[in-house]
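Take a look at the structure set out below.
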Amino acid sequence: MMSGDVLIKRSAPFLACLGLLFAWQVFSLALRNDSFPTALEAIRAIPSILGDKEALVNILASLRRMAVGFGLAVAVSIPLGLLMGRSRAVASFFNPLLMVIYPVPKAALMPIIMLWLGVGDVAKTLVIFLGVSLPVIYHSFEGAKSVEEKMLWSGAAMGLTAPRRLVRIVLPAALPDILTGCRTGLVLALITMITSEMIARQSGAGNILFNALDMGQYDTVFAMIIIVGAMGIGLDALFERLRARLVRWSEPQFDVPLSFS
Amino acid sequence: MIEIEHVSQVFQTSSRQDHLALSDISLTIEDGAFVSILGPSGCGKSTLLYIVGGFVQPTQGIAKMKGRAITGPGPDRGPVFQEFALFPWKSVLGNVMYGPRQQGIKHAEAEAQSRALIEMVGLKGFEDFYPKELSGGMKQRVALARTLAYHPEVLLMDEPFGALDAHTRTRLQNDLLNIWERDRKTVLFVTHSVEEAVFLSDKVVMMTRSPGRVRQIVDIELPRPRRRTELLLDPRYQKYVVDIERMFDDSGEAELRP
């Protein structure tokens, strides 16, 4: 049996979405503008996109690039961030480099990358890689830096060598921070995925969106926005569940310690 | 046997000035002795412990364990810190098993040993709890069990009960003595509490305020096993406490709290 509180908590996100769609519907009916279809029209266009084999292949290709870019970025960024957090030499080498890259919108690099690598998968995956890397490096770095020294000493006394301490103590201790970075990275992966396809139009979800815009198919444009938005919400929710499971030990759900001396 | 020979330690402060934390410390700790290092805060007593642990390299001098120079941490010297320093992602059992597993002991055997140790420190039933779910006193019990689990020859205790309330501290002092009296490991125990040092130790090393020097070594000749309630009424115990406090007072080393 679900209690009333849980029911309200569970249904709140859906109610919020419904409210948003309702507001959209009311505004578009009031404005009566061709380039602003109603929510219902946009939703009605979704099945035809998802039913179209070519569109589906395009969307799946986007997701694949996003997964590859995200996966590679995480695989490189976590070790780099952890090393930077534990070694002043590594940090002082990479920090200035990252400071320069950090404020540059990764999509702005797309023209150069296209020039070198073409408009294919490699270029787009690279942009996603760059977009994801920085938050993951930053949070891994911060996490590794704040690992309690005495915890590492305890490990050293047990006979763990420095590389093993990095893997067996710094990594798990920094995991809550790392996963926060990955969550930001996941959303950035989606954003850079769409922007890269918007610049290098050849295939993908972004391509469908902007082609529809060029041809004035506004219901398709808005339908794609809903699809991409839903993908973002879905991926984020999935990741959040994974994250919560992995770092259950650090969640503040047991704020009141058991009294026992 | 631990030998500390002419050890000095210089730190650089944040304003880039040299700060002499320890000055020419020489000390010998016999096997099986319970030795407390007692001094006001900031006298470098923890630093001395870290040097023996191999976590900090002395600026000058040398620390030896069984005649060999200490160059780094090792499982023969097990630290217990005031901050507990438990692995928060591991359960109580996981924390205690960590050392034995690291030393290649089979899972089943390590688990059996660890469960026995957890029971010994009074935490039976809490094996699957995470550190987050435990009180300070319980955390320090886990930390002690975790260190005992890999059988160090020397226990290095860095103000282990300093963060605990008075009642919990008393209970843990009693339990530590009971555990210690079973196997009489060498213990190096850093504290700023005169009572704690006298109650627990065979020998109290009194240190001076910064820079830390050995001021005097007091042998505590009180019978063991010691019972706190009996000891508090024992005039010999009271004399040790008062004498040591006076010695600190005379030299202006106030700020020593019970």
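Labeling convention for the structure tokens: chains A, B, ... as they appear, residues from 1 per chain, ligands from 1 in order of appearance.
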Neighbouring residues of Glu240 in chain A were defined as those with any atom within 12 Å, considering only C-alpha atoms; residues of the same chain fewer than 6 positions away were excluded. Please report them as a list in words.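 Counting only the stated atoms, we get Pro176, Leu179, Thr180, Gly181, Cys182, Arg183, Thr184, Leu186, Val187, Gly232, Ile233, Gly234, Leu246, Val247 and Arg248 of chain A.
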Counting only C-alpha atoms, which residues of range 92-204 of chain A sit at most 7 Å from some atom of range 73-96 of chain B, and what is each one's closest atom pair with its distance in Å to one decimal, listed by chain and rising residue number, as CSV?
```
residue,atom,partner,partner_atom,distance
A:Lys150,CA,B:Ala85,CA,5.7
A:Met151,CA,B:Ala85,CA,4.7
A:Ser154,CA,B:Pro79,CA,6.7
A:Ala156,CA,B:Pro73,CA,5.9
A:Ala157,CA,B:Gly74,CA,4.5
A:Met158,CA,B:Pro75,CA,5.0
A:Gly159,CA,B:Gly74,CA,5.8
A:Pro172,CA,B:Trp89,CA,6.9
```
Applying 9 Å and only C-alpha atoms, which residues near range 228-238 of chain B remain after dropping the ones on its own chain fewer than 6 positions away? List them as a ChimeraX atom specification. /B:170,174,195,198-199,220-222
Distance CA of Thr191 in chain B-CA of Arg169 in chain B, one decimal place? 12.2 Å
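If you measure from each of B:Thr208, B:Ser26, B:Thr13, B:Gln103 to Tyr150 in chain B using only C-alpha atoms, the closest one turns out to be B:Gln103.
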Close residues, range 33-37 of chain A itself excluded, 8 Å, only C-alpha atoms, min 4 positions apart in chain, as a CSV table (one decimal) with C-alpha atoms, in the first residue's frame:
```csv
chain,number,residue,atom,x,y,z
A,28,SER,CA,-0.4,28.6,-28.4
A,41,GLU,CA,-0.3,18.9,-32.4
A,42,ALA,CA,3.3,18.4,-31.3
A,216,GLY,CA,8.6,25.0,-41.7
A,218,TYR,CA,6.9,23.3,-36.8
A,219,ASP,CA,4.9,20.4,-35.3
A,222,PHE,CA,8.4,20.7,-31.3
```
Using CA of Gly53 in chain B and CA of Ile37 in chain B as the two end points, give the distance in Å to one decimal.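 It comes out at 14.4 Å.
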Interatomic distance (Å, one decimal) between CA of Met224 in chain A and CA of Gly118 in chain A: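 Atom-to-atom, CA of Met224 in chain A and CA of Gly118 in chain A are spaced 25.5 Å apart.
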As a list in words, please: the residues near Ala69 in chain B (cut-off 10 Å, only C-alpha atoms, same-chain neighbours under 6 positions excluded). Ile2, Glu3, Ile4, Val52, Gly54, Ile62 and Ala63 of chain B
Tell me, as a list in words, which residues lie within 9 Å of Lys124 in chain A, counting only C-alpha atoms; anything in the same chain fewer than 3 positions away does not count. Arg65, Met66, Gly69, Met110, Ile113, Met114, Val119, Gly120, Asp121, Val127, Ile128, Phe129, Thr192, Met193, Ser196, Glu197 and Ala200 of chain A
Based on the backbone DSSP call, show me all residues of range 14-256 of chain B assigned strand (DSSP E or B), as a PyMOL selection string. chain B and resi 18-29+34-38+60-65+68-69+77-81+154-158+186-191+203-207+212+214-219
Pick out the closest residue to chain B from this set: A:Gln217, A:Asn207, A:Thr38, A:Thr161. Count only C-alpha atoms.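 Answer, going by the shortest atom-to-atom distance: A:Thr161.
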Near range 179-186 of chain B, counting only C-alpha atoms, which residues have an atom at most 7 Å away, once you skip same-chain residues fewer than 2 positions from it, shown as a ChimeraX atom specification? /B:31-34,153-155,175-177,188
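Candidate residues A:Ile169, A:Val221, A:Leu7, A:Ala23 were compared for distance to chain B, and the nearest is A:Ile169, using only C-alpha atoms.
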Residue with smallest distance to chain B - pool A:Ile208, A:Gly185, A:Leu235, A:Arg168, counting only C-alpha atoms: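 Smallest separation from chain B among the options: A:Arg168.
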